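This is final_36.pdb. It holds PDB, C-alpha atoms.
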ATOM      1  CA  MET W 154      24.404  -4.349  25.168
ATOM      2  CA  ALA W 155      21.559  -1.854  25.493
ATOM      3  CA  PRO W 156      18.604  -2.105  23.118
ATOM      4  CA  ARG W 157      18.735   0.225  20.143
ATOM      5  CA  THR W 158      16.249   3.092  20.302
ATOM      6  CA  ALA W 159      14.860   5.233  17.527
ATOM      7  CA  PRO W 160      15.980   8.847  17.422
ATOM      8  CA  PRO W 161      13.509  11.285  18.979
ATOM      9  CA  GLY W 162      11.279  13.343  16.733
ATOM     10  CA  HIS W 163      10.821  13.111  12.989
ATOM     11  CA  TYR W 164      13.115  12.918   9.978
ATOM     12  CA  CYS W 165      12.993  15.901   7.581
ATOM     13  CA  ARG W 166      13.243  14.765   3.945
ATOM     14  CA  VAL W 167      14.673  18.077   2.781
ATOM     15  CA  CYS W 168      17.489  18.820   5.221
ATOM     16  CA  GLY W 169      18.026  15.160   6.175
ATOM     17  CA  THR W 170      18.077  15.614   9.941
ATOM     18  CA  TYR W 171      16.006  14.387  12.856
ATOM     19  CA  LYS W 172      14.184  17.193  14.622
ATOM     20  CA  ALA W 173      11.764  17.503  17.529
ATOM     21  CA  HIS W 174       8.031  17.151  16.929
ATOM     22  CA  GLU W 175       7.586  20.867  17.563
ATOM     23  CA  LYS W 176       9.778  21.715  14.570
ATOM     24  CA  PHE W 177       7.104  20.360  12.201
ATOM     25  CA  SER W 178       3.855  22.097  11.285
ATOM     26  CA  GLY W 179       0.602  20.211  10.722
ATOM     27  CA  ARG W 180       1.254  19.874   6.999
ATOM     28  CA  GLY W 181       4.962  19.278   7.553
ATOM     29  CA  HIS W 182       4.312  16.189   9.675
ATOM     30  CA  SER W 183       2.570  14.327   6.866
ATOM     31  CA  ARG W 184       5.080  15.423   4.230
ATOM     32  CA  HIS W 185       8.123  15.020   6.528
ATOM     33  CA  ILE W 186       9.333  18.574   5.953
ATOM     34  CA  CYS W 187      10.286  20.771   8.918
ATOM     35  CA  LYS W 188       9.096  24.368   9.395
ATOM     36  CA  ALA W 189      12.512  25.821   8.495
ATOM     37  CA  CYS W 190      12.629  23.963   5.190
ATOM     38  CA  MET W 191       8.982  24.808   4.450
ATOM     39  CA  SER W 192       9.758  28.502   4.858
ATOM     40  CA  GLY W 193      12.911  28.261   2.739
ATOM     41  CA  LYS W 194      15.280  29.093   5.588
ATOM     42  CA  GLY W 195      16.722  25.582   5.731
ATOM     43  CA  GLU W 196      19.879  24.487   3.999
ATOM     44  CA  GLU W 197      19.157  24.683   0.272
ATOM     45  CA  ASN W 198      22.021  22.651  -1.154
ATOM     46  CA  THR W 199      21.633  19.500   0.931
ATOM     47  CA  VAL W 200      19.014  17.906  -1.353
ATOM     48  CA  PRO W 201      19.725  16.934  -4.970
ATOM     49  CA  GLN W 202      17.783  18.817  -7.648
ATOM     50  CA  ALA W 203      15.923  15.684  -8.788
ATOM     51  CA  GLN W 204      14.632  15.046  -5.284
ATOM     52  CA  GLN W 205      13.592  18.698  -4.897
ATOM     53  CA  ARG W 206      11.578  18.470  -8.132
ATOM     54  CA  GLU W 207       9.984  15.226  -6.958
ATOM     55  CA  ILE W 208       8.964  16.797  -3.649
ATOM     56  CA  ALA W 209       7.586  19.873  -5.416
ATOM     57  CA  LEU W 210       5.568  17.743  -7.871
ATOM     58  CA  ALA W 211       4.173  15.578  -5.087
ATOM     59  CA  ASP W 212       3.179  18.632  -3.067
ATOM     60  CA  ALA W 213       1.548  20.331  -6.076
ATOM     61  CA  CYS W 214      -0.366  17.184  -6.953
ATOM     62  CA  CYS W 215      -1.557  16.724  -3.371
ATOM     63  CA  ARG W 216      -2.848  20.293  -3.179
ATOM     64  CA  ASN W 217      -4.801  20.103  -6.441
ATOM     65  CA  CYS W 218      -6.203  16.562  -6.116
ATOM     66  CA  GLU W 219      -9.400  15.462  -4.492
ATOM     67  CA  ARG W 220      -8.759  12.456  -2.233
ATOM     68  CA  ARG W 221     -11.338   9.655  -2.481
ATOM     69  CA  SER W 222     -11.582   5.984  -1.677
ATOM     70  CA  LEU W 223     -12.302   3.382  -4.333
ATOM     71  CA  LYS W 224     -15.883   3.044  -3.100
ATOM     72  CA  LYS W 225     -16.525   6.758  -3.732
ATOM     73  CA  LEU W 226     -15.468   6.631  -7.405
ATOM     74  CA  ASN W 227     -18.304   6.728  -9.921
ATOM     75  CA  PRO W 228     -18.626   3.949 -12.549
ATOM     76  CA  LYS W 229     -16.886   6.002 -15.260
ATOM     77  CA  GLU W 230     -13.893   6.661 -12.990
ATOM     78  CA  LYS W 231     -13.721   2.977 -12.046
ATOM     79  CA  THR W 232     -13.694   2.047 -15.747
ATOM     80  CA  ILE W 233     -10.808   4.451 -16.352
ATOM     81  CA  LEU W 234      -8.947   2.977 -13.361
ATOM     82  CA  LYS W 235      -9.614  -0.542 -14.660
ATOM     83  CA  ASP W 236      -8.192   0.381 -18.084
ATOM     84  CA  LEU W 237      -5.126   1.913 -16.447
ATOM     85  CA  ILE W 238      -4.574  -1.261 -14.402
ATOM     86  CA  PHE W 239      -4.953  -3.328 -17.585
ATOM     87  CA  ASP W 240      -2.313  -1.281 -19.420
ATOM     88  CA  VAL W 241       0.196  -1.290 -16.546
ATOM     89  CA  VAL W 242      -0.131  -5.018 -15.813
ATOM     90  CA  ARG W 243       0.060  -5.878 -19.531
ATOM     91  CA  GLU W 244       3.283  -3.859 -19.883
ATOM     92  CA  TYR W 245       4.728  -5.539 -16.792
ATOM     93  CA  TRP W 246       3.816  -8.994 -18.136
ATOM     94  CA  GLN W 247       5.326  -8.314 -21.564
ATOM     95  CA  GLU W 248       8.510  -6.961 -20.016
ATOM     96  CA  LYS W 249       9.161  -9.545 -17.281
ATOM     97  CA  ARG W 250       6.845 -12.508 -17.997
ATOM     98  CA  GLN W 251       6.164 -12.804 -14.255
ATOM     99  CA  ILE W 252       3.202 -12.303 -11.977
ATOM    100  CA  PRO W 253       3.752  -9.097  -9.976
ATOM    101  CA  PHE W 254       4.340  -9.890  -6.311
ATOM    102  CA  GLY W 255       5.669  -8.119  -3.234
ATOM    103  CA  GLY W 256       7.728  -5.039  -4.059
ATOM    104  CA  ASP W 257       6.826  -5.102  -7.741
ATOM    105  CA  LEU W 258       3.121  -5.167  -6.912
ATOM    106  CA  SER W 259       3.607  -2.284  -4.496
ATOM    107  CA  ASP W 260       5.464  -0.295  -7.186
ATOM    108  CA  ILE W 261       2.672  -0.987  -9.682
ATOM    109  CA  LYS W 262       0.056   0.183  -7.186
ATOM    110  CA  LYS W 263       1.980   3.400  -6.458
ATOM    111  CA  HIS W 264       2.441   4.025 -10.185
ATOM    112  CA  ILE W 265      -1.290   3.550 -10.832
ATOM    113  CA  ILE W 266      -2.270   5.886  -7.985
ATOM    114  CA  ARG W 267       0.231   8.552  -9.102
ATOM    115  CA  THR W 268      -0.748   8.339 -12.781
ATOM    116  CA  TYR W 269      -4.462   8.454 -12.013
ATOM    117  CA  SER W 270      -4.060  11.462  -9.724
ATOM    118  CA  GLU W 271      -1.911  13.337 -12.265
ATOM    119  CA  GLU W 272      -4.283  12.753 -15.169
ATOM    120  CA  TYR W 273      -7.689  12.996 -13.481
ATOM    121  CA  ALA W 274      -7.006  15.127 -10.352
ATOM    122  CA  VAL W 275      -8.399  12.409  -8.075
ATOM    123  CA  ASP W 276      -6.078  10.897  -5.506
ATOM    124  CA  VAL W 277      -7.316   7.359  -4.803
ATOM    125  CA  LYS W 278      -6.694   6.244  -1.217
ATOM    126  CA  ASP W 279      -4.242   3.384  -0.875
ATOM    127  CA  ASP W 280      -6.372   1.103   1.290
ATOM    128  CA  THR W 281      -7.463  -2.528   1.483
ATOM    129  CA  ALA W 282     -10.317  -2.046  -0.993
ATOM    130  CA  LEU W 283      -7.909  -0.732  -3.641
ATOM    131  CA  LYS W 284      -5.465  -3.573  -2.980
ATOM    132  CA  GLU W 285      -8.221  -6.190  -3.399
ATOM    133  CA  TYR W 286      -9.508  -4.455  -6.546
ATOM    134  CA  LEU W 287      -5.991  -4.399  -7.993
ATOM    135  CA  HIS W 288      -5.536  -8.114  -7.243
ATOM    136  CA  THR W 289      -8.850  -8.984  -8.893
ATOM    137  CA  GLN W 290      -8.135  -6.912 -11.985
ATOM    138  CA  MET W 291      -4.578  -8.208 -12.200
ATOM    139  CA  ILE W 292      -5.765 -11.821 -12.211
ATOM    140  CA  SER W 293      -8.323 -10.976 -14.876
ATOM    141  CA  VAL W 294      -5.722  -9.267 -17.073
ATOM    142  CA  LEU W 295      -3.230 -12.095 -16.749
ATOM    143  CA  ASN W 296      -5.904 -14.675 -17.594
ATOM    144  CA  LYS W 297      -6.869 -12.714 -20.722
ATOM    145  CA  LEU W 298      -3.239 -12.430 -21.799
ATOM    146  CA  LEU W 299      -2.567 -16.121 -21.268
ATOM    147  CA  LYS W 300      -5.752 -17.060 -23.141
ATOM    148  CA  ALA W 301      -4.737 -14.864 -26.082
ATOM    149  CA  GLU W 302      -1.267 -16.423 -26.139
ATOM    150  CA  LYS W 303      -2.750 -19.907 -26.107
ATOM    151  CA  LYS W 304      -5.003 -19.074 -29.077
ATOM    152  CA  THR W 305      -2.088 -17.775 -31.130
ATOM    153  CA  GLU W 306      -0.051 -20.919 -30.457
ATOM    154  CA  GLY W 307      -2.848 -23.145 -31.687
ATOM    155  CA  PRO W 308      -3.505 -26.835 -30.949
TER     156      PRO W 308
END
Conversion result in structure tokens:
Amino acid sequence: MAPRTAPPGHYCRVCGTYKAHEKFSGRGHSRHICKACMSGKGEENTVPQAQQREIALADACCRNCERRSLKKLNPKEKTILKDLIFDVVREYWQEKRQIPFGGDLSDIKKHIIRTYSEEYAVDVKDDTALKEYLHTQMISVLNKLLKAEKKTEGP
């Protein structure tokens, strides 16, 4: 049996087909949208309305946001990010009573990045520094929550 090979080119999120590299513009490559779909000449009815809204919101947010790494955030912005992490991790803990790991941690990180960029027009880069910062803050939040629970239970 011959080894399985990946299809040539890129996958377009809008029309759902694989197309040659040349069919994507510079911006289209990163967003996975071909030139035909970017210009509106692609098939309109192949993508559900919810997904079209999601793509439009993501594109609008990306155009209006300034992209910075965690190291480039000023202390006030880091405090806001820390508070956001605290709120999200606390909600997760109260809902599931588990430490976020794997896919859940990835979903939390994506949610934090998306929320921060929507509210403050700063798109934080998803890099190693952010991942380490999230881990540190998550451990701190969980320790605070467990300490508070222990105090309420009493001796």
**Q.** Shell of 8 Å around region 266-273 of chain W, all atoms listed in the file, local chain residues under 3 positions omitted, as a list in words
**A.** Cys214, Cys218, Leu234, Leu237, Lys262, Lys263, Asp276, Val277 and Asp279 of chain W
**Q.** Separation of CA of Lys225 (chain W) from CA of Tyr245 (chain W), in Å and rounded to one decimal
**A.** 27.8 Å
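Residues matched by the PyMOL selection byres ((chain W and resi 222) around 12) in this file: Glu219, Arg220, Arg221, Leu223, Lys224, Lys225, Leu226, Asn227, Glu230, Lys231, Ile266, Val275, Asp276, Val277, Lys278, Asp279, Asp280, Thr281, Ala282, Leu283, Lys284 and Tyr286 of chain W.
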How would the residues just picked look written out with C-alpha atoms as an mmCIF file, in the frame of the given file?
data_model
loop_
_atom_site.group_PDB
_atom_site.id
_atom_site.type_symbol
_atom_site.label_atom_id
_atom_site.label_comp_id
_atom_site.auth_asym_id
_atom_site.auth_seq_id
_atom_site.Cartn_x
_atom_site.Cartn_y
_atom_site.Cartn_z
ATOM 1 C CA GLU W 219 -9.400 15.462 -4.492
ATOM 2 C CA ARG W 220 -8.759 12.456 -2.233
ATOM 3 C CA ARG W 221 -11.338 9.655 -2.481
ATOM 4 C CA LEU W 223 -12.302 3.382 -4.333
ATOM 5 C CA LYS W 224 -15.883 3.044 -3.100
ATOM 6 C CA LYS W 225 -16.525 6.758 -3.732
ATOM 7 C CA LEU W 226 -15.468 6.631 -7.405
ATOM 8 C CA ASN W 227 -18.304 6.728 -9.921
ATOM 9 C CA GLU W 230 -13.893 6.661 -12.990
ATOM 10 C CA LYS W 231 -13.721 2.977 -12.046
ATOM 11 C CA ILE W 266 -2.270 5.886 -7.985
ATOM 12 C CA VAL W 275 -8.399 12.409 -8.075
ATOM 13 C CA ASP W 276 -6.078 10.897 -5.506
ATOM 14 C CA VAL W 277 -7.316 7.359 -4.803
ATOM 15 C CA LYS W 278 -6.694 6.244 -1.217
ATOM 16 C CA ASP W 279 -4.242 3.384 -0.875
ATOM 17 C CA ASP W 280 -6.372 1.103 1.290
ATOM 18 C CA THR W 281 -7.463 -2.528 1.483
ATOM 19 C CA ALA W 282 -10.317 -2.046 -0.993
ATOM 20 C CA LEU W 283 -7.909 -0.732 -3.641
ATOM 21 C CA LYS W 284 -5.465 -3.573 -2.980
ATOM 22 C CA TYR W 286 -9.508 -4.455 -6.546
#
**Q.** For CA of Ile233 (chain W) and CA of His264 (chain W), the interatomic separation in Å (one decimal)
**A.** 14.6 Å
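Between CA of Lys297 (chain W) and CA of Phe254 (chain W) there is a distance of 18.5 Å.
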